[in-house]
Structure formats: structure tokens, C-alpha cells
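Peer 1: Got start.pdb for you, PDB, C-alpha atoms and all ligand atoms:
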```pdb
ATOM      1  CA  MET A   1     -16.675  -3.234  40.401
ATOM      2  CA  SER A   2     -18.284  -0.604  42.643
ATOM      3  CA  PRO A   3     -22.119  -0.514  42.748
ATOM      4  CA  ALA A   4     -22.118   2.932  41.090
ATOM      5  CA  LEU A   5     -19.869   1.746  38.246
ATOM      6  CA  LYS A   6     -22.100  -1.305  37.841
ATOM      7  CA  VAL A   7     -25.182   0.926  37.459
ATOM      8  CA  SER A   8     -23.434   3.059  34.799
ATOM      9  CA  SER A   9     -22.484  -0.110  32.899
ATOM     10  CA  ILE A  10     -26.096  -1.298  33.025
ATOM     11  CA  TRP A  11     -27.178   2.055  31.517
ATOM     12  CA  ARG A  12     -24.566   1.692  28.773
ATOM     13  CA  ASN A  13     -25.672  -1.866  27.956
ATOM     14  CA  SER A  14     -29.372  -0.995  27.859
ATOM     15  CA  CYS A  15     -28.607   2.014  25.625
ATOM     16  CA  VAL A  16     -26.777  -0.227  23.174
ATOM     17  CA  ALA A  17     -29.465  -2.929  23.318
ATOM     18  CA  GLU A  18     -32.374  -0.525  22.811
ATOM     19  CA  PHE A  19     -30.982   2.158  20.494
ATOM     20  CA  GLY A  20     -27.588   0.891  19.292
ATOM     21  CA  ARG A  21     -26.119   4.354  19.883
ATOM     22  CA  LEU A  22     -26.054   7.371  22.177
ATOM     23  CA  ASP A  23     -26.145  10.988  20.946
ATOM     24  CA  ILE A  24     -26.973  13.063  24.043
ATOM     25  CA  LEU A  25     -26.166  12.852  27.743
ATOM     26  CA  VAL A  26     -27.795  15.403  30.074
ATOM     27  CA  ASN A  27     -26.398  15.205  33.587
ATOM     28  CA  ASN A  28     -29.447  16.719  35.258
ATOM     29  CA  ALA A  29     -29.800  14.809  38.546
ATOM     30  CA  GLY A  30     -28.596  16.927  41.424
ATOM     31  CA  ILE A  31     -29.153  17.667  45.085
ATOM     32  CA  LEU A  32     -28.833  20.674  47.363
ATOM     33  CA  PRO A  33     -28.162  18.953  50.700
ATOM     34  CA  ASP A  34     -27.121  22.021  52.711
ATOM     35  CA  PRO A  35     -29.600  23.160  55.356
ATOM     36  CA  ILE A  36     -31.932  25.846  54.006
ATOM     37  CA  ASP A  37     -31.837  27.936  57.195
ATOM     38  CA  SER A  38     -29.297  30.659  56.430
ATOM     39  CA  LYS A  39     -27.392  30.369  59.730
ATOM     40  CA  ALA A  40     -27.117  26.581  59.498
ATOM     41  CA  ALA A  41     -26.100  26.883  55.827
ATOM     42  CA  SER A  42     -22.954  28.863  56.789
ATOM     43  CA  VAL A  43     -19.594  27.327  55.897
ATOM     44  CA  PHE A  44     -18.720  27.512  59.593
ATOM     45  CA  ASN A  45     -21.426  24.950  60.321
ATOM     46  CA  ALA A  46     -20.811  22.788  57.257
ATOM     47  CA  LYS A  47     -20.554  19.061  57.838
ATOM     48  CA  VAL A  48     -18.004  17.118  55.800
ATOM     49  CA  GLU A  49     -20.617  14.387  55.413
ATOM     50  CA  THR A  50     -22.924  16.865  53.646
ATOM     51  CA  LEU A  51     -20.103  17.808  51.286
ATOM     52  CA  ARG A  52     -19.439  14.111  50.566
ATOM     53  CA  THR A  53     -23.117  13.562  49.766
ATOM     54  CA  ALA A  54     -23.178  16.558  47.414
ATOM     55  CA  MET A  55     -19.970  15.458  45.654
ATOM     56  CA  GLU A  56     -21.270  11.873  45.244
ATOM     57  CA  THR A  57     -24.437  12.950  43.445
ATOM     58  CA  ASN A  58     -23.428  16.192  41.728
ATOM     59  CA  VAL A  59     -19.899  15.239  40.618
ATOM     60  CA  CYS A  60     -19.226  11.491  40.926
ATOM     61  CA  GLY A  61     -22.581  10.644  39.278
ATOM     62  CA  PRO A  62     -21.849  12.700  36.132
ATOM     63  CA  LEU A  63     -18.241  11.452  36.087
ATOM     64  CA  LEU A  64     -19.322   7.794  36.145
ATOM     65  CA  LEU A  65     -21.966   8.361  33.483
ATOM     66  CA  CYS A  66     -19.441  10.152  31.253
ATOM     67  CA  GLN A  67     -16.952   7.309  31.720
ATOM     68  CA  ALA A  68     -19.608   4.736  30.842
ATOM     69  CA  LEU A  69     -21.366   6.548  28.005
ATOM     70  CA  ILE A  70     -18.923   8.823  26.151
ATOM     71  CA  PRO A  71     -17.136   5.758  24.680
ATOM     72  CA  LEU A  72     -20.430   5.038  22.857
ATOM     73  CA  MET A  73     -20.358   8.565  21.438
ATOM     74  CA  LYS A  74     -16.733   8.096  20.375
ATOM     75  CA  GLU A  75     -17.733   5.097  18.258
ATOM     76  CA  ARG A  76     -19.732   7.419  15.967
ATOM     77  CA  ASN A  77     -17.762  10.613  16.634
ATOM     78  CA  TYR A  78     -20.941  12.408  17.678
ATOM     79  CA  GLY A  79     -22.091  13.491  21.111
ATOM     80  CA  ARG A  80     -23.513  16.337  23.142
ATOM     81  CA  VAL A  81     -22.948  16.306  26.910
ATOM     82  CA  VAL A  82     -24.811  18.849  29.023
ATOM     83  CA  ASN A  83     -23.887  19.319  32.677
ATOM     84  CA  LEU A  84     -26.491  21.020  34.874
ATOM     85  CA  SER A  85     -24.406  23.396  36.909
ATOM     86  CA  SER A  86     -25.502  26.535  38.738
ATOM     87  CA  GLY A  87     -24.610  30.168  39.250
ATOM     88  CA  MET A  88     -23.999  29.040  42.835
ATOM     89  CA  GLY A  89     -20.900  27.245  41.534
ATOM     90  CA  GLN A  90     -19.633  30.295  39.654
ATOM     91  CA  LEU A  91     -16.222  31.312  41.069
ATOM     92  CA  SER A  92     -16.468  34.810  39.608
ATOM     93  CA  ASP A  93     -19.678  35.447  41.556
ATOM     94  CA  MET A  94     -19.159  33.277  44.646
ATOM     95  CA  ASN A  95     -21.051  34.158  47.803
ATOM     96  CA  GLY A  96     -21.395  32.625  51.267
ATOM     97  CA  GLY A  97     -23.829  29.897  52.284
ATOM     98  CA  TYR A  98     -24.708  26.493  50.856
ATOM     99  CA  PRO A  99     -21.043  25.410  50.744
ATOM    100  CA  ALA A 100     -21.615  21.767  49.786
ATOM    101  CA  TYR A 101     -23.798  22.678  46.820
ATOM    102  CA  ARG A 102     -21.503  25.511  45.720
ATOM    103  CA  MET A 103     -18.332  23.380  45.915
ATOM    104  CA  SER A 104     -19.984  20.480  44.080
ATOM    105  CA  LYS A 105     -21.233  22.674  41.214
ATOM    106  CA  ALA A 106     -17.829  24.389  40.878
ATOM    107  CA  SER A 107     -16.320  20.868  40.686
ATOM    108  CA  LEU A 108     -18.840  19.848  38.054
ATOM    109  CA  ASN A 109     -17.642  22.818  35.993
ATOM    110  CA  VAL A 110     -14.080  21.515  36.388
ATOM    111  CA  LEU A 111     -15.254  18.151  35.064
ATOM    112  CA  THR A 112     -16.772  19.931  32.045
ATOM    113  CA  ARG A 113     -13.445  21.643  31.311
ATOM    114  CA  ILE A 114     -11.406  18.454  31.676
ATOM    115  CA  LEU A 115     -13.739  16.436  29.449
ATOM    116  CA  ALA A 116     -13.862  19.168  26.813
ATOM    117  CA  ASP A 117     -10.077  19.315  26.715
ATOM    118  CA  GLU A 118      -9.657  15.538  26.471
ATOM    119  CA  LEU A 119     -12.275  15.445  23.692
ATOM    120  CA  LYS A 120     -10.728  18.310  21.704
ATOM    121  CA  GLY A 121     -10.721  17.512  17.977
ATOM    122  CA  THR A 122     -13.781  15.252  18.240
ATOM    123  CA  ASN A 123     -17.422  16.043  17.510
ATOM    124  CA  ILE A 124     -18.338  15.430  21.149
ATOM    125  CA  LEU A 125     -19.211  18.768  22.728
ATOM    126  CA  VAL A 126     -19.305  19.027  26.536
ATOM    127  CA  ASN A 127     -20.722  22.144  28.200
ATOM    128  CA  SER A 128     -22.059  23.389  31.541
ATOM    129  CA  LEU A 129     -25.027  25.652  32.080
ATOM    130  CA  CYS A 130     -26.956  27.454  34.749
ATOM    131  CA  PRO A 131     -30.687  27.121  34.022
ATOM    132  CA  GLY A 132     -31.543  30.143  36.178
ATOM    133  CA  TRP A 133     -33.837  29.936  39.176
ATOM    134  CA  VAL A 134     -36.525  27.483  38.129
ATOM    135  CA  LYS A 135     -39.806  26.409  39.775
ATOM    136  CA  THR A 136     -39.030  22.776  40.643
ATOM    137  CA  ASP A 137     -38.880  20.806  43.879
ATOM    138  CA  MET A 138     -35.394  22.254  44.377
ATOM    139  CA  GLY A 139     -36.135  25.783  43.143
ATOM    140  CA  GLY A 140     -39.411  26.075  45.050
ATOM    141  CA  PRO A 141     -42.597  27.950  44.145
ATOM    142  CA  SER A 142     -41.060  31.464  44.340
ATOM    143  CA  ALA A 143     -38.690  30.837  41.413
ATOM    144  CA  PRO A 144     -39.413  33.146  38.471
ATOM    145  CA  LEU A 145     -38.812  30.621  35.672
ATOM    146  CA  THR A 146     -41.103  27.813  34.587
ATOM    147  CA  PRO A 147     -39.585  24.393  33.914
ATOM    148  CA  GLU A 148     -40.272  25.015  30.196
ATOM    149  CA  GLN A 149     -38.134  28.189  30.348
ATOM    150  CA  GLY A 150     -35.523  26.385  32.454
ATOM    151  CA  VAL A 151     -34.926  23.699  29.838
ATOM    152  CA  GLU A 152     -34.393  26.071  26.896
ATOM    153  CA  THR A 153     -30.610  26.329  27.234
ATOM    154  CA  ILE A 154     -30.389  22.605  28.037
ATOM    155  CA  VAL A 155     -32.125  21.709  24.759
ATOM    156  CA  TRP A 156     -30.004  24.248  22.851
ATOM    157  CA  LEU A 157     -26.764  22.701  24.183
ATOM    158  CA  ALA A 158     -28.053  19.164  23.617
ATOM    159  CA  THR A 159     -28.679  19.924  19.948
ATOM    160  CA  LEU A 160     -25.684  22.133  19.108
ATOM    161  CA  PRO A 161     -24.609  21.971  15.474
ATOM    162  CA  ASP A 162     -21.255  20.456  14.548
ATOM    163  CA  GLY A 163     -18.481  22.950  15.312
ATOM    164  CA  GLY A 164     -20.526  24.451  18.189
ATOM    165  CA  PRO A 165     -18.978  25.570  21.469
ATOM    166  CA  ALA A 166     -17.308  23.119  23.853
ATOM    167  CA  GLY A 167     -15.975  23.571  27.372
ATOM    168  CA  GLY A 168     -18.218  26.574  28.028
ATOM    169  CA  PHE A 169     -20.540  27.756  30.791
ATOM    170  CA  PHE A 170     -23.872  29.214  29.619
ATOM    171  CA  ARG A 171     -27.024  30.888  30.827
ATOM    172  CA  ASN A 172     -29.837  31.972  28.476
ATOM    173  CA  LYS A 173     -27.823  30.466  25.595
ATOM    174  CA  LYS A 174     -24.993  32.973  26.237
ATOM    175  CA  PRO A 175     -21.522  32.328  27.702
ATOM    176  CA  ILE A 176     -21.019  33.393  31.310
ATOM    177  CA  PRO A 177     -17.775  33.632  33.314
ATOM    178  CA  TRP A 178     -16.655  30.625  35.381
TER     179      TRP A 178
HETATM  180  N1  LIG B 201     -34.210  24.578  40.159
HETATM  181  C1  LIG B 201     -33.280  25.526  40.081
HETATM  182  O1  LIG B 201     -33.549  26.731  40.298
HETATM  183  C2  LIG B 201     -31.873  25.177  39.693
HETATM  184  C3  LIG B 201     -30.942  26.215  39.559
HETATM  185  C4  LIG B 201     -29.642  25.916  39.170
HETATM  186  C5  LIG B 201     -29.284  24.608  38.909
HETATM  187  N2  LIG B 201     -30.187  23.595  39.048
HETATM  188  C6  LIG B 201     -29.752  22.231  38.769
HETATM  189  O2  LIG B 201     -30.646  21.641  37.843
HETATM  190  C7  LIG B 201     -30.693  20.213  38.058
HETATM  191  C8  LIG B 201     -32.129  19.791  38.210
HETATM  192  O3  LIG B 201     -32.633  20.430  39.365
HETATM  193  P1  LIG B 201     -34.164  20.505  39.770
HETATM  194  O4  LIG B 201     -34.442  21.899  40.129
HETATM  195  O5  LIG B 201     -35.012  19.815  38.749
HETATM  196  O6  LIG B 201     -34.091  19.656  41.105
HETATM  197  P2  LIG B 201     -35.189  18.718  41.762
HETATM  198  O7  LIG B 201     -36.536  19.263  41.508
HETATM  199  O8  LIG B 201     -34.764  18.519  43.176
HETATM  200  O9  LIG B 201     -34.992  17.366  40.956
HETATM  201  C9  LIG B 201     -33.752  16.705  41.038
HETATM  202  C10 LIG B 201     -33.825  15.437  40.240
HETATM  203  O10 LIG B 201     -32.588  14.741  40.415
HETATM  204  C11 LIG B 201     -32.859  13.400  40.745
HETATM  205  N3  LIG B 201     -31.812  12.852  41.607
HETATM  206  C12 LIG B 201     -31.303  13.406  42.735
HETATM  207  N4  LIG B 201     -30.351  12.603  43.251
HETATM  208  C13 LIG B 201     -30.276  11.520  42.442
HETATM  209  C14 LIG B 201     -29.472  10.343  42.442
HETATM  210  N5  LIG B 201     -28.556  10.125  43.393
HETATM  211  N6  LIG B 201     -29.658   9.449  41.466
HETATM  212  C15 LIG B 201     -30.577   9.673  40.494
HETATM  213  N7  LIG B 201     -31.361  10.765  40.431
HETATM  214  C16 LIG B 201     -31.208  11.676  41.399
HETATM  215  C17 LIG B 201     -34.188  13.439  41.466
HETATM  216  O11 LIG B 201     -34.780  12.177  41.382
HETATM  217  P3  LIG B 201     -35.826  11.691  42.513
HETATM  218  O12 LIG B 201     -36.980  12.597  42.399
HETATM  219  O13 LIG B 201     -36.097  10.289  42.106
HETATM  220  O14 LIG B 201     -35.113  11.830  43.809
HETATM  221  C18 LIG B 201     -34.941  14.492  40.673
HETATM  222  O15 LIG B 201     -35.527  13.932  39.527
HETATM  223  C19 LIG B 201     -29.855  19.942  39.311
HETATM  224  O16 LIG B 201     -28.576  19.494  38.925
HETATM  225  C20 LIG B 201     -29.774  21.320  39.980
HETATM  226  O17 LIG B 201     -28.620  21.435  40.787
HETATM  227  C21 LIG B 201     -31.478  23.845  39.442
END
```
Represent the structure contained in this file as C-alpha cells.

Peer 2:
Amino acid sequence: MSPALKVSSIWRNSCVAEFGRLDILVNNAGILPDPIDSKAASVFNAKVETLRTAMETNVCGPLLLCQALIPLMKERNYGRVVNLSSGMGQLSDMNGGYPAYRMSKASLNVLTRILADELKGTNILVNSLCPGWVKTDMGGPSAPLTPEQGVETIVWLATLPDGGPAGGFFRNKKPIPW
């Protein structure tokens, strides 16, 4: 078993031991490993290693957690999975720069779509969102949104009623194009 798979299994086992169930999975952890300097952040200077790092954390991490934890949700036919994507991964509004981050967030959206399709007919709702530009370590002090504002759509998706949307991409609690 790979170390990453082992960690996901440990999470699953401690969830079962402590709570006996799992209702909500928020895949929030993410990194923006591209250089911040705009010239260095060009796709023409992108390092494959940077892309690998971004894919490991922003895509493989959520994939492994979904593989480990959604089976727990299936046991009770209830689950809400929220994937923290970004407008920087939005194909319909794709711009240059930050290629590793952009490609990883677009891939995370693909994961959302695949999961939602494979879970069709269940009460496990998987969605992606862009929180907007939020004042965090990643967003920096110039971001217009507070963390409290940034989590609003996350909480909304994490507590969707039965029959709510699945396989969507949201910002400010409204669907946005992929
Ligand atoms: N801030 C924004 O404006 C913005 C906009 C769009 C999307 N997002 C997305 O929102 C999510 C949260 O971003 P943020 O702004 O809160 O970023 P942040 O301030 O940089 O925090 C990222 C969090 O992810 C954790 N993390 C990173 N790599 C990890 C790993 N390999 N394993 C476990 N935890 C890991 C970090 O833990 P440690 O502190 O322990 O390293 C930290 O708690 C990310 O997915 C980001 O891409 C943010």
C-alpha cells in the first residue's frame, strides 16, 4: 500500500472509531506552487516537477480521500463532498500564467464530474466551487473577501438538502460555467 493510501485508510478508520459515520468531506487543502513572479509563472518556463507537485496535492489528495471515505457515505446513502476548485481552473475563462495550479484545478473539476456521474442515483452529492479571492496565506492580504465570506458557499454545498445539485461548479452559491 502506498504511503498516501495508508494515510487515507487511517483517516477512514479514525472516522469510524470516533463517529461511526461520515456525512461531509471538504477537500480544502491545496497549493499554488507556481512562481509568483509573472514572467517565471509563464507556461514557457513551467517545470514538470511543479506540475507533478500541484497534481499530487490538488488532485491525487482529493482522489485518495474520496476513495477512502465515500464508501462510508455509501453505507448510509448520505454524503456531501465539496471540492475547493478555483476560477483559475475554469476552462471557459482560462488565461495565461500559473499553469500548474490552473491545470490541477481543472483536473479537480474533472474529478468532481466523474464522481458525480458514478454516484448518480445516490444521496451523495459531489460539487466543485470557487470561493472567490480570499484573504488567506494563499490569497494574500490584498484579497477582497474575508475567510468568513470565503466559506459561505463551502458551507452551503456541505449542507445541501436531499435532491440538491450534484456535479456542478459554483461561486456565490450560483452555478458557473466549467
Ligand atoms: N485564497 C484564495 O483566494 C483561493 C481562491 C480560489 C481557490 N482557493 C482554494 O481554496 C483552498 C484553500 O486555500 P487557502 O487560501 O486557505 O490556502 P492556504 O492559506 O495556503 O491554506 C492551504 C491549506 O492547505 C493545507 N495543505 C496544503 N498542502 C497540504 C498537504 N499536502 N496535505 C495536507 N494539507 C495541506 C495547508 O496546511 P499547512 O498549513 O499545514 O501546510 C493549509 O491549511 C485551496 O484548495 C485553494 O486552492 C483559494

Peer 1: Neighbours of ligand LIG 201 (chain B) at 9 Å or closer, counting all atoms listed in the file: which residues, as a PyMOL selection string?

Peer 2: chain A and resi 27-32+56-58+61+83-88+101+105+129-140+143-145+147+150

Peer 1: Which residue out of A:Ala41, A:Ala4, A:Ala166, A:Ala17 has the minimum interatomic distance to Asn95 (chain A) when all atoms listed in the file are used?

Peer 2: A:Ala41

Peer 1: Would you mind reading off the distance between CA of Thr53 (chain A) and CA of Arg102 (chain A), one decimal, in Å?

Peer 2: 12.7 Å

Peer 1: Quick one: distance from CA of Asn77 (chain A) to CA of Thr153 (chain A) in Å, one decimal?

Peer 2: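 CA of Thr153 (chain A) lies 22.9 Å from CA of Asn77 (chain A).
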
Peer 1: How would you write as an MDAnalysis selection string the residues that get within 12 Å of (-25.4, 12.4, 20.9) in the file's frame, counting all atoms listed in the file?

Peer 2: chainID A and resid 15 19:26 69:82 123:126 157:162

Peer 1: For the file shown, report as JSON, numbers by chain the outcome of the PyMOL selection byres (((chain A and resi 64) around 10) and not hetatm) at residue level.

Peer 2: {"A": [4, 5, 6, 7, 8, 9, 59, 60, 61, 62, 63, 65, 66, 67, 68, 69]}

Peer 1: For a test of reading the model, state the distance in Å between CA of Phe170 (chain A) and CA of Pro33 (chain A), rounded to one decimal.

Peer 2: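 Calculated distance between CA of Phe170 (chain A) and CA of Pro33 (chain A) is 23.8 Å.
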
Peer 1: Edge lengths and centre, in Å to one decimal, as AutoDock Vina command-line options: that's what I need for the box along x, y and z that holds all listed atoms of region 105-123 of chain A plus 5 Å on each side.

Peer 2:
```
--center_x -15.4 --center_y 19.8 --center_z 29.4 --size_x 21.6 --size_y 19.1 --size_z 33.7
```

Peer 1: Select all residues near (-12.6, 31.0, 42.9) (cut-off 12 Å, inclusive, file coordinates), counting only C-alpha atoms, and output them as a list in words.

Peer 2: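 Output: Met88, Gly89, Gln90, Leu91, Ser92, Asp93, Met94, Asn95, Arg102, Met103, Ala106, Ser107, Asn109, Val110, Pro177 and Trp178 of chain A.
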
Peer 1: So that I can check the surroundings of Gly168 (chain A), please list as a list in words every protein, DNA and RNA residue that reaches within 8 Å of it, counting all atoms listed in the file and ignoring chain neighbours fewer than 3 positions away.

Peer 2: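 Those residues are Thr112, Arg113, Val126, Asn127, Ser128, Leu129, Pro165 and Pro175 of chain A.
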
Peer 1: For a quick check of understanding, using all atoms listed in the file, which of A:Ala100, A:Gln149, A:Ile114, A:Ser14 has the smallest distance to Phe44 (chain A)?

Peer 2: A:Ala100
